[in-house]
Every structure is written in structure tokens, then in C-alpha cells.
$ cat run-v9.pdb   # PDB, C-alpha atoms
ATOM      1  CA  MET A  25    -130.579 -47.416 -80.465
ATOM      2  CA  THR A  26    -129.812 -44.932 -83.211
ATOM      3  CA  ALA A  27    -132.263 -42.162 -83.965
ATOM      4  CA  LYS A  28    -134.042 -42.356 -87.287
ATOM      5  CA  LYS A  29    -132.654 -39.846 -89.745
ATOM      6  CA  PRO A  30    -135.154 -37.251 -90.934
ATOM      7  CA  ASP A  31    -136.367 -37.626 -94.512
ATOM      8  CA  ILE A  32    -135.028 -34.380 -95.988
ATOM      9  CA  ARG A  33    -136.830 -34.936 -99.304
ATOM     10  CA  LEU A  34    -140.140 -35.444 -97.516
ATOM     11  CA  ILE A  35    -139.612 -32.319 -95.430
ATOM     12  CA  LEU A  36    -138.798 -30.293 -98.554
ATOM     13  CA  ALA A  37    -141.851 -31.714-100.339
ATOM     14  CA  LEU A  38    -144.162 -30.799 -97.465
ATOM     15  CA  LEU A  39    -142.652 -27.321 -97.206
ATOM     16  CA  GLY A  40    -142.952 -26.949-100.985
ATOM     17  CA  VAL A  41    -146.658 -27.732-100.972
ATOM     18  CA  ALA A  42    -147.407 -25.500 -97.986
ATOM     19  CA  ILE A  43    -145.475 -22.519 -99.331
ATOM     20  CA  ILE A  44    -146.294 -22.832-103.038
ATOM     21  CA  TRP A  45    -150.016 -23.417-102.637
ATOM     22  CA  GLY A  46    -150.118 -20.699-100.018
ATOM     23  CA  THR A  47    -148.638 -18.244-102.519
ATOM     24  CA  THR A  48    -150.925 -19.090-105.442
ATOM     25  CA  TYR A  49    -153.645 -16.740-104.193
ATOM     26  CA  LEU A  50    -151.112 -13.920-104.175
ATOM     27  CA  GLY A  51    -149.921 -14.968-107.646
ATOM     28  CA  ILE A  52    -153.463 -14.895-108.996
ATOM     29  CA  ARG A  53    -154.121 -11.467-107.507
ATOM     30  CA  VAL A  54    -150.959 -10.068-109.141
ATOM     31  CA  ALA A  55    -151.721 -11.756-112.471
ATOM     32  CA  VAL A  56    -155.260 -10.361-112.799
ATOM     33  CA  GLN A  57    -154.115  -6.796-112.150
ATOM     34  CA  THR A  58    -153.379  -6.335-115.861
ATOM     35  CA  ILE A  59    -154.398  -9.632-117.535
ATOM     36  CA  PRO A  60    -158.071 -10.680-117.903
ATOM     37  CA  PRO A  61    -158.745 -13.613-115.525
ATOM     38  CA  TRP A  62    -159.727 -16.177-118.153
ATOM     39  CA  PHE A  63    -156.550 -15.454-120.099
ATOM     40  CA  VAL A  64    -154.579 -15.949-116.859
ATOM     41  CA  THR A  65    -156.102 -19.404-116.377
ATOM     42  CA  THR A  66    -155.687 -20.289-120.068
ATOM     43  CA  MET A  67    -151.979 -19.471-120.060
ATOM     44  CA  ARG A  68    -151.465 -21.151-116.683
ATOM     45  CA  GLN A  69    -153.015 -24.462-117.711
ATOM     46  CA  THR A  70    -151.436 -24.349-121.173
ATOM     47  CA  LEU A  71    -147.989 -23.927-119.637
ATOM     48  CA  ALA A  72    -148.673 -26.753-117.182
ATOM     49  CA  SER A  73    -149.887 -28.972-120.057
ATOM     50  CA  VAL A  74    -146.735 -28.334-122.080
ATOM     51  CA  ILE A  75    -144.514 -29.146-119.099
ATOM     52  CA  LEU A  76    -146.356 -32.411-118.466
ATOM     53  CA  LEU A  77    -146.346 -33.230-122.180
ATOM     54  CA  ILE A  78    -142.559 -32.913-122.274
ATOM     55  CA  TYR A  79    -142.297 -35.067-119.152
ATOM     56  CA  LEU A  80    -144.560 -37.773-120.587
ATOM     57  CA  LEU A  81    -142.801 -37.784-123.966
ATOM     58  CA  LYS A  82    -139.401 -38.016-122.304
ATOM     59  CA  ASN A  83    -140.534 -41.028-120.287
ATOM     60  CA  LYS A  84    -142.491 -42.515-123.234
ATOM     61  CA  GLU A  85    -145.692 -42.481-121.167
ATOM     62  CA  LEU A  86    -147.923 -40.411-123.453
ATOM     63  CA  LYS A  87    -150.836 -42.521-124.672
ATOM     64  CA  TRP A  88    -154.592 -42.524-125.181
ATOM     65  CA  ILE A  89    -156.431 -43.431-121.953
ATOM     66  CA  GLY A  90    -159.720 -44.597-123.501
ATOM     67  CA  TRP A  91    -163.032 -42.785-123.744
ATOM     68  CA  SER A  92    -164.376 -43.961-120.380
ATOM     69  CA  HIS A  93    -161.313 -42.859-118.440
ATOM     70  CA  PHE A  94    -161.069 -39.682-120.511
ATOM     71  CA  GLY A  95    -164.657 -38.870-119.568
ATOM     72  CA  ARG A  96    -163.740 -39.016-115.877
ATOM     73  CA  GLN A  97    -160.841 -36.633-116.481
ATOM     74  CA  VAL A  98    -163.153 -34.221-118.324
ATOM     75  CA  ILE A  99    -165.576 -34.158-115.382
ATOM     76  CA  LEU A 100    -162.752 -33.558-112.910
ATOM     77  CA  SER A 101    -161.238 -30.919-115.179
ATOM     78  CA  MET A 102    -164.548 -29.068-115.473
ATOM     79  CA  LEU A 103    -165.250 -29.128-111.734
ATOM     80  CA  MET A 104    -161.804 -28.631-110.213
ATOM     81  CA  ILE A 105    -159.896 -26.644-112.843
ATOM     82  CA  VAL A 106    -162.330 -24.836-115.148
ATOM     83  CA  ILE A 107    -164.892 -23.984-112.449
ATOM     84  CA  ALA A 108    -162.904 -24.021-109.175
ATOM     85  CA  ASN A 109    -159.550 -22.680-110.349
ATOM     86  CA  GLY A 110    -160.988 -20.565-113.147
ATOM     87  CA  LEU A 111    -163.660 -18.851-111.072
ATOM     88  CA  THR A 112    -161.257 -18.309-108.173
ATOM     89  CA  THR A 113    -159.110 -16.374-110.626
ATOM     90  CA  VAL A 114    -162.142 -14.398-111.815
ATOM     91  CA  ALA A 115    -163.207 -13.690-108.225
ATOM     92  CA  GLU A 116    -159.788 -12.333-107.245
ATOM     93  CA  LYS A 117    -160.288  -9.508-109.708
ATOM     94  CA  ASN A 118    -162.723  -8.069-107.150
ATOM     95  CA  ILE A 119    -161.791  -9.564-103.763
ATOM     96  CA  SER A 120    -158.529  -9.876-101.853
ATOM     97  CA  SER A 121    -156.289 -12.931-102.030
ATOM     98  CA  GLY A 122    -156.634 -13.443 -98.272
ATOM     99  CA  LEU A 123    -160.426 -13.478 -98.457
ATOM    100  CA  ALA A 124    -160.313 -15.874-101.418
ATOM    101  CA  SER A 125    -158.092 -18.270 -99.475
ATOM    102  CA  LEU A 126    -160.351 -18.101 -96.421
ATOM    103  CA  LEU A 127    -163.440 -18.922 -98.464
ATOM    104  CA  SER A 128    -161.580 -21.721-100.260
ATOM    105  CA  SER A 129    -160.710 -23.297 -96.926
ATOM    106  CA  LEU A 130    -164.427 -23.962 -96.425
ATOM    107  CA  SER A 131    -164.326 -26.619 -99.144
ATOM    108  CA  PRO A 132    -163.815 -29.627 -96.805
ATOM    109  CA  LEU A 133    -166.909 -28.591 -94.867
ATOM    110  CA  LEU A 134    -168.960 -28.466 -98.071
ATOM    111  CA  VAL A 135    -167.545 -31.865 -98.989
ATOM    112  CA  PHE A 136    -168.794 -33.208 -95.661
ATOM    113  CA  VAL A 137    -172.290 -31.778 -96.184
ATOM    114  CA  GLY A 138    -172.371 -32.957 -99.807
ATOM    115  CA  GLY A 139    -171.173 -36.390 -98.712
ATOM    116  CA  LEU A 140    -174.135 -36.631 -96.360
ATOM    117  CA  VAL A 141    -176.486 -35.772 -99.214
ATOM    118  CA  PHE A 142    -174.956 -38.221-101.715
ATOM    119  CA  GLY A 143    -174.257 -41.022 -99.266
ATOM    120  CA  THR A 144    -170.460 -40.965 -99.285
ATOM    121  CA  GLN A 145    -170.232 -39.622 -95.733
ATOM    122  CA  LYS A 146    -171.785 -40.915 -92.508
ATOM    123  CA  PRO A 147    -173.249 -38.310 -90.143
ATOM    124  CA  SER A 148    -171.286 -37.684 -86.971
ATOM    125  CA  LEU A 149    -171.422 -35.298 -84.033
ATOM    126  CA  LYS A 150    -167.897 -34.000 -84.625
ATOM    127  CA  GLY A 151    -168.768 -33.390 -88.278
ATOM    128  CA  VAL A 152    -171.809 -31.316 -87.339
ATOM    129  CA  ILE A 153    -169.761 -29.342 -84.783
ATOM    130  CA  GLY A 154    -167.098 -28.788 -87.459
ATOM    131  CA  VAL A 155    -169.653 -27.369 -89.887
ATOM    132  CA  ILE A 156    -171.045 -25.080 -87.160
ATOM    133  CA  LEU A 157    -167.529 -23.785 -86.401
ATOM    134  CA  GLY A 158    -167.004 -23.138 -90.106
ATOM    135  CA  LEU A 159    -170.238 -21.183 -90.333
ATOM    136  CA  LEU A 160    -169.192 -19.125 -87.306
ATOM    137  CA  GLY A 161    -165.966 -18.396 -89.191
ATOM    138  CA  VAL A 162    -167.990 -17.109 -92.141
ATOM    139  CA  ILE A 163    -169.930 -14.841 -89.787
ATOM    140  CA  PHE A 164    -166.660 -13.345 -88.524
ATOM    141  CA  ILE A 165    -165.493 -12.772 -92.100
ATOM    142  CA  PHE A 166    -168.494 -10.639 -92.994
ATOM    143  CA  ARG A 167    -169.906  -9.341 -89.697
ATOM    144  CA  ASP A 168    -168.392  -5.852 -90.051
ATOM    145  CA  GLY A 169    -168.493  -5.712 -93.828
ATOM    146  CA  LEU A 170    -172.103  -6.311 -94.773
ATOM    147  CA  GLN A 171    -172.211  -2.833 -96.309
ATOM    148  CA  ASP A 172    -169.554  -3.999 -98.778
ATOM    149  CA  PHE A 173    -172.207  -6.153-100.440
ATOM    150  CA  LEU A 174    -173.731  -2.912-101.706
ATOM    151  CA  VAL A 175    -170.681  -2.663-103.999
ATOM    152  CA  PRO A 176    -171.613  -4.694-107.122
ATOM    153  CA  ALA A 177    -168.045  -5.802-107.922
ATOM    154  CA  TYR A 178    -167.433  -7.064-104.376
ATOM    155  CA  LYS A 179    -170.758  -8.891-104.238
ATOM    156  CA  GLN A 180    -170.052 -10.464-107.622
ATOM    157  CA  GLY A 181    -166.598 -11.576-106.454
ATOM    158  CA  ILE A 182    -168.022 -13.265-103.344
ATOM    159  CA  LEU A 183    -170.743 -15.075-105.318
ATOM    160  CA  ILE A 184    -168.246 -16.250-107.954
ATOM    161  CA  MET A 185    -165.888 -17.459-105.212
ATOM    162  CA  PHE A 186    -168.721 -19.427-103.641
ATOM    163  CA  VAL A 187    -169.398 -21.171-106.947
ATOM    164  CA  ALA A 188    -165.668 -21.903-107.249
ATOM    165  CA  VAL A 189    -165.602 -23.538-103.809
ATOM    166  CA  CYS A 190    -168.692 -25.571-104.700
ATOM    167  CA  GLY A 191    -166.950 -26.729-107.880
ATOM    168  CA  TRP A 192    -163.894 -27.966-105.967
ATOM    169  CA  SER A 193    -166.112 -29.642-103.375
ATOM    170  CA  ALA A 194    -168.202 -31.350-106.056
ATOM    171  CA  GLY A 195    -165.028 -32.623-107.717
ATOM    172  CA  THR A 196    -163.825 -34.038-104.408
ATOM    173  CA  ILE A 197    -167.169 -35.787-103.849
ATOM    174  CA  TYR A 198    -167.022 -37.160-107.394
ATOM    175  CA  ILE A 199    -163.597 -38.659-106.669
ATOM    176  CA  LYS A 200    -164.961 -40.299-103.515
ATOM    177  CA  LYS A 201    -167.987 -41.752-105.303
ATOM    178  CA  HIS A 202    -166.052 -42.940-108.358
ATOM    179  CA  THR A 203    -162.872 -44.312-106.879
ATOM    180  CA  HIS A 204    -160.557 -45.398-109.684
ATOM    181  CA  LYS A 205    -156.902 -46.152-109.115
ATOM    182  CA  SER A 206    -155.050 -44.449-111.931
ATOM    183  CA  PRO A 207    -152.044 -46.226-113.461
ATOM    184  CA  ASN A 208    -150.443 -42.834-114.259
ATOM    185  CA  ILE A 209    -151.648 -39.808-112.352
ATOM    186  CA  PHE A 210    -149.442 -37.462-114.378
ATOM    187  CA  LEU A 211    -150.995 -38.678-117.625
ATOM    188  CA  ASP A 212    -154.440 -38.012-116.165
ATOM    189  CA  LEU A 213    -153.346 -34.559-115.070
ATOM    190  CA  PHE A 214    -152.065 -33.798-118.563
ATOM    191  CA  TYR A 215    -155.491 -34.543-120.038
ATOM    192  CA  GLN A 216    -157.166 -32.463-117.330
ATOM    193  CA  PHE A 217    -154.878 -29.471-117.889
ATOM    194  CA  ALA A 218    -155.074 -29.706-121.683
ATOM    195  CA  PHE A 219    -158.877 -29.924-121.686
ATOM    196  CA  SER A 220    -159.204 -27.047-119.215
ATOM    197  CA  ALA A 221    -156.825 -24.895-121.268
ATOM    198  CA  VAL A 222    -159.064 -25.296-124.330
ATOM    199  CA  MET A 223    -162.254 -24.606-122.375
ATOM    200  CA  GLN A 224    -160.804 -21.587-120.603
ATOM    201  CA  PHE A 225    -159.499 -20.150-123.870
ATOM    202  CA  ILE A 226    -163.058 -20.319-125.245
ATOM    203  CA  LEU A 227    -164.312 -18.576-122.103
ATOM    204  CA  ALA A 228    -161.569 -15.951-122.452
ATOM    205  CA  MET A 229    -162.662 -15.186-126.008
ATOM    206  CA  ILE A 230    -166.289 -14.877-124.883
ATOM    207  CA  PHE A 231    -165.967 -12.934-121.637
ATOM    208  CA  SER A 232    -162.686 -11.031-121.772
ATOM    209  CA  GLY A 233    -163.675  -8.656-124.540
ATOM    210  CA  ASP A 234    -161.048  -6.599-126.290
ATOM    211  CA  THR A 235    -157.693  -6.948-124.593
ATOM    212  CA  SER A 236    -154.238  -5.920-125.702
ATOM    213  CA  PRO A 237    -151.296  -8.086-124.614
ATOM    214  CA  SER A 238    -149.154  -4.948-124.814
ATOM    215  CA  SER A 239    -150.937  -3.727-121.674
ATOM    216  CA  TRP A 240    -150.014  -6.845-119.710
ATOM    217  CA  SER A 241    -147.316  -6.017-117.166
ATOM    218  CA  LEU A 242    -144.183  -8.084-116.636
ATOM    219  CA  SER A 243    -145.189  -8.707-113.031
ATOM    220  CA  SER A 244    -148.534 -10.160-114.133
ATOM    221  CA  LEU A 245    -146.872 -12.312-116.803
ATOM    222  CA  GLY A 246    -144.304 -13.467-114.269
ATOM    223  CA  ALA A 247    -147.127 -14.412-111.894
ATOM    224  CA  VAL A 248    -148.742 -16.515-114.642
ATOM    225  CA  VAL A 249    -145.457 -18.356-115.230
ATOM    226  CA  TYR A 250    -145.145 -18.934-111.484
ATOM    227  CA  LEU A 251    -148.699 -20.276-111.300
ATOM    228  CA  GLY A 252    -148.148 -22.637-114.228
ATOM    229  CA  VAL A 253    -144.722 -23.978-113.286
ATOM    230  CA  PHE A 254    -144.933 -23.978-109.509
ATOM    231  CA  GLY A 255    -148.642 -23.784-108.627
ATOM    232  CA  SER A 256    -149.905 -26.295-111.178
ATOM    233  CA  VAL A 257    -146.960 -28.673-111.652
ATOM    234  CA  LEU A 258    -144.264 -28.557-108.964
ATOM    235  CA  ALA A 259    -146.659 -28.378-106.007
ATOM    236  CA  PHE A 260    -148.615 -31.298-107.456
ATOM    237  CA  PHE A 261    -145.434 -33.385-107.733
ATOM    238  CA  CYS A 262    -144.490 -32.486-104.147
ATOM    239  CA  TYR A 263    -147.965 -33.322-102.858
ATOM    240  CA  HIS A 264    -148.010 -36.773-104.418
ATOM    241  CA  TYR A 265    -144.455 -37.432-103.271
ATOM    242  CA  ALA A 266    -145.569 -36.602 -99.721
ATOM    243  CA  LEU A 267    -148.722 -38.725 -99.961
ATOM    244  CA  LYS A 268    -146.568 -41.782-100.677
ATOM    245  CA  ARG A 269    -144.843 -41.315 -97.311
ATOM    246  CA  VAL A 270    -147.443 -39.836 -94.966
ATOM    247  CA  THR A 271    -151.177 -40.287 -94.536
ATOM    248  CA  ALA A 272    -153.696 -38.068 -96.289
ATOM    249  CA  VAL A 273    -154.737 -36.754 -92.858
ATOM    250  CA  HIS A 274    -151.200 -35.584 -92.126
ATOM    251  CA  ALA A 275    -150.920 -34.027 -95.582
ATOM    252  CA  SER A 276    -154.256 -32.233 -95.156
ATOM    253  CA  VAL A 277    -152.709 -30.145 -92.369
ATOM    254  CA  LEU A 278    -150.942 -28.303 -95.193
ATOM    255  CA  ASN A 279    -154.299 -26.769 -96.161
ATOM    256  CA  TYR A 280    -154.358 -24.957 -92.830
ATOM    257  CA  VAL A 281    -150.857 -23.598 -93.414
ATOM    258  CA  ASN A 282    -151.827 -22.486 -96.940
ATOM    259  CA  THR A 283    -154.599 -20.262 -95.615
ATOM    260  CA  ILE A 284    -152.387 -18.498 -93.071
ATOM    261  CA  ILE A 285    -149.606 -17.990 -95.636
ATOM    262  CA  ALA A 286    -152.055 -16.538 -98.174
ATOM    263  CA  ILE A 287    -153.482 -14.092 -95.629
ATOM    264  CA  LEU A 288    -150.069 -12.937 -94.417
ATOM    265  CA  LEU A 289    -148.638 -12.536 -97.936
ATOM    266  CA  GLY A 290    -151.657 -10.501 -99.038
ATOM    267  CA  TRP A 291    -151.115  -8.233 -96.048
ATOM    268  CA  LEU A 292    -147.334  -7.934 -96.428
ATOM    269  CA  ILE A 293    -147.045  -7.562-100.210
ATOM    270  CA  LEU A 294    -150.375  -6.213-101.435
ATOM    271  CA  ASP A 295    -151.318  -4.174 -98.341
ATOM    272  CA  GLU A 296    -154.563  -6.098 -97.973
ATOM    273  CA  VAL A 297    -156.517  -5.290 -94.828
ATOM    274  CA  VAL A 298    -156.190  -7.944 -92.122
ATOM    275  CA  THR A 299    -158.134  -7.538 -88.871
ATOM    276  CA  ILE A 300    -158.469  -9.575 -85.692
ATOM    277  CA  ASP A 301    -161.743 -10.873 -87.137
ATOM    278  CA  THR A 302    -159.780 -12.311 -90.058
ATOM    279  CA  PHE A 303    -157.650 -14.435 -87.750
ATOM    280  CA  ILE A 304    -160.654 -15.433 -85.618
ATOM    281  CA  ALA A 305    -162.433 -16.516 -88.791
ATOM    282  CA  ALA A 306    -159.355 -18.450 -89.940
ATOM    283  CA  PHE A 307    -159.085 -20.172 -86.549
ATOM    284  CA  LEU A 308    -162.771 -21.162 -86.524
ATOM    285  CA  ILE A 309    -162.721 -22.461 -90.101
ATOM    286  CA  ILE A 310    -159.478 -24.393 -89.598
ATOM    287  CA  ALA A 311    -160.812 -25.862 -86.332
ATOM    288  CA  GLY A 312    -164.036 -26.838 -88.105
ATOM    289  CA  VAL A 313    -162.200 -28.461 -91.002
ATOM    290  CA  PHE A 314    -159.872 -30.317 -88.627
ATOM    291  CA  MET A 315    -162.746 -31.617 -86.518
ATOM    292  CA  THR A 316    -164.721 -32.690 -89.584
ATOM    293  CA  ASN A 317    -161.814 -34.540 -91.213
ATOM    294  CA  TYR A 318    -159.810 -35.806 -88.259
ATOM    295  CA  ASN A 319    -159.771 -39.570 -87.974
ATOM    296  CA  ARG A 320    -157.802 -40.827 -84.995
ATOM    297  CA  ALA A 321    -157.294 -44.260 -86.500
ATOM    298  CA  ALA A 322    -155.874 -42.750 -89.730
ATOM    299  CA  VAL A 323    -153.023 -40.937 -88.042
ATOM    300  CA  LYS A 324    -151.632 -43.887 -86.088
TER
END

$ encode --input "run-v9.pdb" --output "C-alpha cells"
Amino acid sequence: MTAKKPDIRLILALLGVAIIWGTTYLGIRVAVQTIPPWFVTTMRQTLASVILLIYLLKNKELKWIGWSHFGRQVILSMLMIVIANGLTTVAEKNISSGLASLLSSLSPLLVFVGGLVFGTQKPSLKGVIGVILGLLGVIFIFRDGLQDFLVPAYKQGILIMFVAVCGWSAGTIYIKKHTHKSPNIFLDLFYQFAFSAVMQFILAMIFSGDTSPSSWSLSSLGAVVYLGVFGSVLAFFCYHYALKRVTAVHASVLNYVNTIIAILLGWLILDEVVTIDTFIAAFLIIAGVFMTNYNRAAVK
């Protein structure tokens, strides 16, 4: 009996998602050092929209999706790109990339709690234990840094990050409640990115004040290009390629890897402070998310 050859493309896709999404928090942190956050998100989503537009035109797949379907894309765009991605970028102006990634990893737990409220999730003992573990992780994040909340910028960053996580969680719950098999996921993503780019440009003009592009560093601009090309487009392609070949439960393990990568990169490259409490918090949150989402039948 011959051994089954490993799927090299699948392995590369999984590695691509884990590494790229794990580096986006670092990319955001570098980008906002000299570029106002809302301009970072505007340029990121605009670049992603242009790339997808070229792809759709090349394959003759660009078309109008109808008002009803467009409305669903607008809701998802508002929740998961404008609010979640946009506010994460704003938050990283005042908090570290590692902390942002840790707080983002709480999203599946909020999805579980929100699912209970809106009827898309059945209560379970392992789910409750998972939420408790996640909350213990939050306690370890802040137990020695409560005095930091006296710093207005830090407190603002944490609150904004919380809203961002709620936005992503709400978008996930919306997808669960309004299941709709899309005939062309890349066409949907184009509309989401294009809409978010317009909305975030409006927000940039309102909240960014006077800004001079001449003050934007090459490293920040390079980070924006990386976020648009790799974070918003390539990782998405890799993720959907992987989902066609493995279960969503297997693919969700990548979220755990993302968090660890983000923390380590922030420490190695940006000299962000990482303590033993950080890793305890990461372990508790990851364990909570795994327990809440693990379905034994789904991984067989």
C-alpha cells in the first residue's frame, strides 16, 4: 500500500494563512506610525478592490449582484471591514500589536455568547467552560496593568479594540443567521472592499484632520501595500483554497497560530513587552476558543 502524497499546495495555503494573517497586526502597527489609521484602511481596501477588479475583469466575472445581495454585502462590509478592521487599525495607534491580536482572538467566544442570545447557538457545558477560560485569559492580560487605564490613549485603544471585536463577532453571527451560498465569493468580496474603501475614506476626511502625505514614511507605505496585497487578498485566496480541502474546524486552528505569531513578531521587531502573563492569557483564550468551537463529529 503506497503512502498518500502530501498536498503541497494545501500545505502552502495553510502556512500562507497562518503566517500572513499573523503578520497583519505587525503591519498595521508599522503603518499607523506615520499614516493616520483611517487613511491606512482606505488605501488598504482600495488596493485590494483594484486587485480584485482586475481579477474579475480578466475572468469576465464582474457584474451587478442585485440590490438584495448587495445589501448583504454592505452589512458584512460595515461590520467586518469598516468597524472590525477599521477600528482595529485605529486601536493599534495606542496599543501594541500583540495585545490587539490577543483581544481579537476573543471573537469566537463573543460569537458563542451572541449565538445564544440570537438563537443560532445551543447552550452547552463545554461552551460555558470555554467562555470562562476566555474571561480568565482577559484577567491575565490586565491583572498587572490596571494602572495603564489611567492613560487616556491606552484606555481609548482598549475600548476601540473591544468595539472592533464586537463588530467582527456580529458579522460572523449575521453570516450564521443569513446563510446564503454565494455563486462568486470573490465578486462579493470586491463589493465589500469597494464599499468599505469609500466609507473609510469619508471617515478619514472627518477624523484624520490635517495630514501631509510627505510625512508618511516608506516603511508605513510599504506596510499598507503588504496589508492590501497579502493581508486582504492573498490570505483570503489561501483560506478559501484550504477550506475546499479541509474542514472549517481544522482551518480554525490557524487562528490560534495567528495569535502566537503576532505576539512574537511584536516582541522581536517592535520591542513590544511580552510577559509570562501574556502567554498564560494566550493559552487560556486559545483553550477557551478551542473548547467552545470543537466539534468531534466535524473533524472525522

$ closest_residue --input "run-v9.pdb" --among "A:Ile310, A:Ile284, A:Leu211, A:Val298" --to "A:Leu77" --atoms "all atoms listed in the file"
A:Leu211

$ residues_around --input "run-v9.pdb" --residues "A:Ile209" --least-positions-apart "4" --cutoff "12 Å" --atoms "only C-alpha atoms" --output "number ranges by chain"
A: 76, 80, 85-86, 89, 93, 97, 204-205, 213-216, 260-261, 264-265

$ write_last_selection --input "run-v9.pdb" --atoms "C-alpha atoms" --output "compact mmCIF listing (two decimals), in the frame of the given file"
# COMPACT_ATOMS: atom_id res chain seq x y z
CA LEU A 76 -146.36 -32.41 -118.47
CA LEU A 80 -144.56 -37.77 -120.59
CA GLU A 85 -145.69 -42.48 -121.17
CA LEU A 86 -147.92 -40.41 -123.45
CA ILE A 89 -156.43 -43.43 -121.95
CA HIS A 93 -161.31 -42.86 -118.44
CA GLN A 97 -160.84 -36.63 -116.48
CA HIS A 204 -160.56 -45.40 -109.68
CA LYS A 205 -156.90 -46.15 -109.12
CA LEU A 213 -153.35 -34.56 -115.07
CA PHE A 214 -152.06 -33.80 -118.56
CA TYR A 215 -155.49 -34.54 -120.04
CA GLN A 216 -157.17 -32.46 -117.33
CA PHE A 260 -148.62 -31.30 -107.46
CA PHE A 261 -145.43 -33.38 -107.73
CA HIS A 264 -148.01 -36.77 -104.42
CA TYR A 265 -144.46 -37.43 -103.27

$ resolve_selection --input "run-v9.pdb" --expression "the PyMOL selection byres ((chain A and resi 126) around 10)" --output "PyMOL selection string"
chain A and resi 121-125+127-131+161-162+165+280+282-284+286-287+302-303+305-306+309-310

$ atom_distance --input "run-v9.pdb" --atom1 "atom CA of A:Gly191" --atom2 "atom CA of A:Leu134"
10.2 Å

$ residues_around --input "run-v9.pdb" --residues "A:Phe231" --least-positions-apart "3" --cutoff "8 Å" --atoms "only C-alpha atoms" --output "list in words"
Trp62, Leu227 and Ala228 of chain A

$ write_last_selection --input "run-v9.pdb" --atoms "C-alpha atoms" --output "PDB file, keeping the file's coordinate frame"
ATOM      1  CA  TRP A  62    -159.727 -16.177-118.153  1.00  0.00           C
ATOM      2  CA  LEU A 227    -164.312 -18.576-122.103  1.00  0.00           C
ATOM      3  CA  ALA A 228    -161.569 -15.951-122.452  1.00  0.00           C
TER       4      ALA A 228
END

$ residues_around --input "run-v9.pdb" --residues "stretch 102-105 of chain A" --least-positions-apart "6" --cutoff "12 Å" --atoms "only C-alpha atoms" --output "ChimeraX atom specification"
/A:62,65-66,68-69,95-96,111-113,131,187-199,213,215-224,256

$ atom_distance --input "run-v9.pdb" --atom1 "atom CA of A:Gly151" --atom2 "atom CA of A:Val137"
8.8 Å

$ closest_residue --input "run-v9.pdb" --among "A:Phe166, A:Ile285, A:Val135, A:Ile182" --to "A:Thr299" --atoms "all atoms listed in the file"
A:Phe166

$ resolve_selection --input "run-v9.pdb" --expression "the PyMOL selection byres ((chain A and resi 157) around 10)" --output "JSON, numbers by chain"
{"A": [133, 151, 152, 153, 154, 155, 156, 158, 159, 160, 161, 162, 163, 305, 307, 308, 309, 310, 311, 312, 313, 315, 316]}

$ write_last_selection --input "run-v9.pdb" --atoms "C-alpha atoms" --output "mmCIF file, in the coordinates of the input"
data_model
loop_
_atom_site.group_PDB
_atom_site.id
_atom_site.type_symbol
_atom_site.label_atom_id
_atom_site.label_comp_id
_atom_site.auth_asym_id
_atom_site.auth_seq_id
_atom_site.Cartn_x
_atom_site.Cartn_y
_atom_site.Cartn_z
ATOM 1 C CA LEU A 133 -166.909 -28.591 -94.867
ATOM 2 C CA GLY A 151 -168.768 -33.390 -88.278
ATOM 3 C CA VAL A 152 -171.809 -31.316 -87.339
ATOM 4 C CA ILE A 153 -169.761 -29.342 -84.783
ATOM 5 C CA GLY A 154 -167.098 -28.788 -87.459
ATOM 6 C CA VAL A 155 -169.653 -27.369 -89.887
ATOM 7 C CA ILE A 156 -171.045 -25.080 -87.160
ATOM 8 C CA GLY A 158 -167.004 -23.138 -90.106
ATOM 9 C CA LEU A 159 -170.238 -21.183 -90.333
ATOM 10 C CA LEU A 160 -169.192 -19.125 -87.306
ATOM 11 C CA GLY A 161 -165.966 -18.396 -89.191
ATOM 12 C CA VAL A 162 -167.990 -17.109 -92.141
ATOM 13 C CA ILE A 163 -169.930 -14.841 -89.787
ATOM 14 C CA ALA A 305 -162.433 -16.516 -88.791
ATOM 15 C CA PHE A 307 -159.085 -20.172 -86.549
ATOM 16 C CA LEU A 308 -162.771 -21.162 -86.524
ATOM 17 C CA ILE A 309 -162.721 -22.461 -90.101
ATOM 18 C CA ILE A 310 -159.478 -24.393 -89.598
ATOM 19 C CA ALA A 311 -160.812 -25.862 -86.332
ATOM 20 C CA GLY A 312 -164.036 -26.838 -88.105
ATOM 21 C CA VAL A 313 -162.200 -28.461 -91.002
ATOM 22 C CA MET A 315 -162.746 -31.617 -86.518
ATOM 23 C CA THR A 316 -164.721 -32.690 -89.584
#

$ residues_around --input "run-v9.pdb" --residues "A:Ala42" --least-positions-apart "2" --cutoff "8 Å" --atoms "all atoms listed in the file" --output "JSON, numbers by chain"
{"A": [38, 39, 40, 44, 45, 46, 278, 279, 281, 282]}
